Amino acid sequence: MSDPRLEIIGKRLEKVGRIIAVSSGKGGVGKSVVASTLALILKKEGHEVGLLDLDFTSPATHVILGIGDLYPEEEYGIIPPLAHGLRYMSITYYSLDKPAPLRGADVSDAIIEILAITRWGELDYLVIDMPPGIGDATLDVLRLVRGINFLVVTTPSRVAFQTVKKLLTLLDELGIPVMGVVENMVMEPSSPIREQVRQLGQHYLGAVSYDAGLEGALGDVEKIMDTAFADSVKVIAYEIEQRLKRPPT
Amino acid sequence: MHEWALAEGVVSTAVKIARAEGLSEITEVVVKIGELQQVVHDVLNFALEQLRKPMMKDARFVLETIPARLRCRVCGEEWRFSPEELSEEVSEAIHFVPEVAHVYIKCPGCGSPDFEVVEGRGVILASIKGVKKDE
């Protein structure tokens, strides 16, 4: 008795250069905005980029990117439509943005389904907006997606960082590559997070200052790219590209 | 699930199992398909015919549908999934990602979306038959 879906997930991702899982220990730290903006920046730099929203119960990237009436094309599977130049896939195509009250086992099945049916084609980067925490969805992505690199988002809050520590510890124990930690919504220059990240043996990718103008820009990609937030993510994107160019150690 | 993606998965999995079991030829592949998936058998059969590998050139594909039964986790009500009651749009959404059934279907007893699919979700390659290399 075998689940035939599992056999084709690797094939669906075989032409994807790098997979970046944007994750966090808890919700509300700006993970989805970082993931969406990072994808847009990588695209603007001339790469072929996909964005996959795996936060099924609280999807947000479609709101951030102002996705209108898009629907995937059916051709030997599902081809994610282009949204602002990104190959974009989200459960909202099928849930029509209604509440999707899914238990853990359902989340697992939906992740397998989406990974098995989605034909990404050739991409330089696939950015995944992960569900927060270390629950079923994160464990499933770790189980099913090979060659994944994590980008972990926190805020200066001790509460947020405590949850991030657990995520980083898990990833370290499993030997999953972590490109680094982004500290988002920074309001004071002397945050202790940088040192705490270093103590965990991880790389501090950079601080993103709290940007009061970001909320008003959400839903409009051009406005997002004009924010100070996007300028900070550009610096982080550049460093990510450099780190991913290096051979694994 | 999309029939072509499913067919690709069935063929790859059957070949993998056959190799692991030392089969030189596959003669039969039995696939059990949960009704919730609303897989169109003719389309799946056509896709399997197109994708079949040389080692399964004469294999018979047997497709069995498992009726979908749902049970409410709140009040315990059990009921049959009735695709004919769904709109085309909803039916297609559940076809591609069956878990979105929780978005559109509610318990007929208490109205809760918190139900389990007791039977009839997923696709399983149930068995394969074949000829061993030294036979």
# chains A, B, ... in the order shown; residues from 1 in each chain; ligands from 1
call {"tool": "residues_around", "arguments": {"residues": "Leu51 (chain B)", "least_positions_apart": "5", "cutoff": "12 Å", "atoms": "only C-alpha atoms", "output": "short mmCIF file (atom, residue, chain, number, x, y, z; two decimals) with all heavy atoms, in the first residue's frame"}}
result
data_model
loop_
_atom_site.label_atom_id
_atom_site.label_comp_id
_atom_site.auth_asym_id
_atom_site.auth_seq_id
_atom_site.Cartn_x
_atom_site.Cartn_y
_atom_site.Cartn_z
N TYR A 76 -1.53 18.64 -17.45
CA TYR A 76 -0.82 17.50 -16.85
C TYR A 76 -0.53 17.78 -15.36
O TYR A 76 0.49 17.36 -14.83
CB TYR A 76 0.48 17.21 -17.60
CG TYR A 76 0.27 16.94 -19.06
CD1 TYR A 76 0.78 17.82 -20.01
CD2 TYR A 76 -0.44 15.84 -19.48
CE1 TYR A 76 0.56 17.58 -21.37
CE2 TYR A 76 -0.66 15.60 -20.83
CZ TYR A 76 -0.15 16.47 -21.77
OH TYR A 76 -0.38 16.23 -23.10
N GLU B 3 -5.86 14.06 -12.54
CA GLU B 3 -5.70 12.70 -13.05
C GLU B 3 -4.30 12.44 -13.62
O GLU B 3 -3.73 11.38 -13.43
CB GLU B 3 -6.75 12.39 -14.13
CG GLU B 3 -8.15 12.14 -13.58
CD GLU B 3 -8.94 13.41 -13.31
OE1 GLU B 3 -8.41 14.52 -13.56
OE2 GLU B 3 -10.08 13.31 -12.84
N TRP B 4 -3.76 13.43 -14.35
CA TRP B 4 -2.44 13.21 -14.96
C TRP B 4 -1.36 13.13 -13.89
O TRP B 4 -0.45 12.31 -13.98
CB TRP B 4 -2.13 14.32 -15.97
CG TRP B 4 -2.78 14.03 -17.30
CD1 TRP B 4 -4.04 14.42 -17.67
CD2 TRP B 4 -2.24 13.28 -18.38
NE1 TRP B 4 -4.30 13.95 -18.93
CE2 TRP B 4 -3.23 13.26 -19.41
CE3 TRP B 4 -1.03 12.63 -18.60
CZ2 TRP B 4 -3.03 12.61 -20.61
CZ3 TRP B 4 -0.82 11.99 -19.82
CH2 TRP B 4 -1.82 11.98 -20.81
N ALA B 5 -1.46 13.98 -12.90
CA ALA B 5 -0.48 13.94 -11.81
C ALA B 5 -0.60 12.61 -11.08
O ALA B 5 0.41 11.97 -10.72
CB ALA B 5 -0.72 15.10 -10.84
N LEU B 6 -1.83 12.16 -10.89
CA LEU B 6 -2.07 10.89 -10.21
C LEU B 6 -1.49 9.72 -11.03
O LEU B 6 -0.82 8.83 -10.48
CB LEU B 6 -3.58 10.71 -10.01
CG LEU B 6 -4.05 9.39 -9.43
CD1 LEU B 6 -3.38 9.13 -8.09
CD2 LEU B 6 -5.57 9.41 -9.25
N ALA B 7 -1.74 9.76 -12.34
CA ALA B 7 -1.24 8.68 -13.21
C ALA B 7 0.29 8.62 -13.15
O ALA B 7 0.89 7.54 -13.08
CB ALA B 7 -1.71 8.91 -14.64
N GLU B 8 0.91 9.80 -13.16
CA GLU B 8 2.38 9.86 -13.07
C GLU B 8 2.86 9.21 -11.78
O GLU B 8 3.82 8.43 -11.77
CB GLU B 8 2.78 11.33 -13.05
CG GLU B 8 3.75 11.72 -14.12
CD GLU B 8 4.12 13.19 -13.97
OE1 GLU B 8 3.21 14.04 -14.08
OE2 GLU B 8 5.31 13.47 -13.74
N GLY B 9 2.16 9.51 -10.70
CA GLY B 9 2.52 8.95 -9.39
C GLY B 9 2.32 7.45 -9.35
O GLY B 9 3.15 6.70 -8.82
N VAL B 10 1.22 6.97 -9.95
CA VAL B 10 0.92 5.53 -9.96
C VAL B 10 2.00 4.78 -10.73
O VAL B 10 2.53 3.76 -10.26
CB VAL B 10 -0.48 5.26 -10.57
CG1 VAL B 10 -0.67 3.78 -10.87
CG2 VAL B 10 -1.57 5.76 -9.62
N VAL B 11 2.35 5.30 -11.91
CA VAL B 11 3.35 4.63 -12.75
C VAL B 11 4.70 4.60 -12.04
O VAL B 11 5.36 3.56 -11.96
CB VAL B 11 3.44 5.33 -14.13
CG1 VAL B 11 4.66 4.87 -14.90
CG2 VAL B 11 2.17 5.06 -14.93
N SER B 12 5.13 5.74 -11.50
CA SER B 12 6.44 5.81 -10.82
C SER B 12 6.48 4.88 -9.62
O SER B 12 7.47 4.18 -9.39
CB SER B 12 6.73 7.22 -10.32
OG SER B 12 6.73 8.11 -11.37
N ALA B 14 4.59 2.19 -9.03
CA ALA B 14 4.53 0.78 -9.46
C ALA B 14 5.91 0.30 -9.92
O ALA B 14 6.34 -0.79 -9.55
CB ALA B 14 3.50 0.62 -10.58
N VAL B 15 6.61 1.14 -10.67
CA VAL B 15 7.95 0.76 -11.15
C VAL B 15 8.90 0.60 -9.96
O VAL B 15 9.69 -0.35 -9.89
CB VAL B 15 8.49 1.82 -12.15
CG1 VAL B 15 9.97 1.60 -12.44
CG2 VAL B 15 7.68 1.77 -13.44
N LEU B 44 -8.20 9.16 -16.05
CA LEU B 44 -7.07 8.50 -15.39
C LEU B 44 -6.59 7.30 -16.23
O LEU B 44 -5.38 7.12 -16.42
CB LEU B 44 -7.47 8.05 -13.98
CG LEU B 44 -6.40 7.29 -13.20
CD1 LEU B 44 -5.12 8.11 -13.05
CD2 LEU B 44 -6.92 6.90 -11.80
N ASN B 45 -7.53 6.53 -16.75
CA ASN B 45 -7.18 5.38 -17.59
C ASN B 45 -6.40 5.82 -18.82
O ASN B 45 -5.39 5.23 -19.19
CB ASN B 45 -8.45 4.64 -18.04
CG ASN B 45 -8.65 3.37 -17.22
OD1 ASN B 45 -7.68 2.69 -16.89
ND2 ASN B 45 -9.89 3.07 -16.90
N PHE B 46 -6.89 6.90 -19.44
CA PHE B 46 -6.22 7.42 -20.63
C PHE B 46 -4.79 7.86 -20.28
O PHE B 46 -3.83 7.54 -20.98
CB PHE B 46 -7.01 8.60 -21.21
CG PHE B 46 -6.37 9.23 -22.41
CD1 PHE B 46 -6.42 8.59 -23.65
CD2 PHE B 46 -5.71 10.45 -22.32
CE1 PHE B 46 -5.82 9.16 -24.77
CE2 PHE B 46 -5.10 11.02 -23.43
CZ PHE B 46 -5.16 10.38 -24.66
N MET B 56 5.52 -2.45 -17.99
CA MET B 56 4.08 -2.65 -17.70
C MET B 56 3.27 -2.60 -19.00
O MET B 56 2.11 -2.22 -18.98
CB MET B 56 3.59 -1.62 -16.68
CG MET B 56 3.85 -0.19 -17.07
SD MET B 56 3.21 1.01 -15.86
CE MET B 56 4.33 0.83 -14.50
N LYS B 57 3.91 -2.96 -20.11
CA LYS B 57 3.24 -2.77 -21.41
C LYS B 57 1.93 -3.55 -21.54
O LYS B 57 1.01 -3.12 -22.20
CB LYS B 57 4.19 -3.06 -22.57
CG LYS B 57 4.67 -4.49 -22.69
CD LYS B 57 5.63 -4.58 -23.88
CE LYS B 57 6.13 -5.95 -24.23
NZ LYS B 57 6.13 -7.03 -23.28
#
call {"tool": "residues_around", "arguments": {"residues": "region 91-100 of chain B", "least_positions_apart": "5", "cutoff": "9 Å", "atoms": "only C-alpha atoms", "output": "list in words"}}
result
Ile78, Ile91, Tyr93, Tyr94, Ser95, Ala100, Pro101, Leu102, Asp106, Val107, Asp109, Ala110, Glu113, Ile114 and Ile117 of chain A; Met1, His2, Leu36, Gln37, Gln38, Val39, Pro83, Glu84, Leu86, Ile105, Arg121 and Gly122 of chain B
call {"tool": "closest_residue", "arguments": {"among": "B:Thr65, B:Gln50, B:Ser82, B:Thr27", "to": "chain A", "atoms": "only C-alpha atoms"}}
result
B:Gln50
call {"tool": "atom_distance", "arguments": {"atom1": "CA of Pro113 (chain B)", "atom2": "CA of Arg69 (chain B)"}}
result
14.3 Å
call {"tool": "atom_distance", "arguments": {"atom1": "CA of Ala160 (chain A)", "atom2": "CA of Thr138 (chain A)"}}
result
17.2 Å
call {"tool": "residues_around", "arguments": {"residues": "Ile128 (chain A)", "least_positions_apart": "6", "cutoff": "7 Å", "atoms": "only C-alpha atoms", "output": "number ranges by chain"}}
result
A: 20-22, 51-54
call {"tool": "write_last_selection", "arguments": {"atoms": "N, CA and C atoms", "output": "mmCIF file, in the first residue's frame"}}
result
data_model
loop_
_atom_site.group_PDB
_atom_site.id
_atom_site.type_symbol
_atom_site.label_atom_id
_atom_site.label_comp_id
_atom_site.auth_asym_id
_atom_site.auth_seq_id
_atom_site.Cartn_x
_atom_site.Cartn_y
_atom_site.Cartn_z
ATOM 1 N N ILE A 20 13.754 28.314 -0.672
ATOM 2 C CA ILE A 20 13.927 29.109 0.547
ATOM 3 C C ILE A 20 12.629 29.052 1.352
ATOM 4 N N ALA A 21 12.685 28.447 2.525
ATOM 5 C CA ALA A 21 11.500 28.369 3.396
ATOM 6 C C ALA A 21 11.570 29.512 4.400
ATOM 7 N N VAL A 22 10.657 30.467 4.269
ATOM 8 C CA VAL A 22 10.629 31.599 5.192
ATOM 9 C C VAL A 22 9.726 31.197 6.357
ATOM 10 N N LEU A 51 6.503 31.539 -5.729
ATOM 11 C CA LEU A 51 6.122 31.804 -4.328
ATOM 12 C C LEU A 51 4.979 30.848 -3.979
ATOM 13 N N LEU A 52 5.195 30.064 -2.941
ATOM 14 C CA LEU A 52 4.206 29.073 -2.510
ATOM 15 C C LEU A 52 3.757 29.414 -1.094
ATOM 16 N N ASP A 53 2.475 29.676 -0.946
ATOM 17 C CA ASP A 53 1.934 29.989 0.380
ATOM 18 C C ASP A 53 1.431 28.693 1.010
ATOM 19 N N LEU A 54 2.174 28.213 2.004
ATOM 20 C CA LEU A 54 1.770 26.965 2.673
ATOM 21 C C LEU A 54 1.108 27.227 4.024
#
call {"tool": "residues_around", "arguments": {"residues": "Leu205 (chain A)", "least_positions_apart": "6", "cutoff": "8 Å", "atoms": "only C-alpha atoms", "output": "MDAnalysis selection string"}}
result
chainID A and resid 179:183 236 239
call {"tool": "residues_around", "arguments": {"residues": "Ser209 (chain A)", "least_positions_apart": "5", "cutoff": "10 Å", "atoms": "only C-alpha atoms", "output": "PyMOL selection string"}}
result
chain A and resi 155+183-189+228-229+232
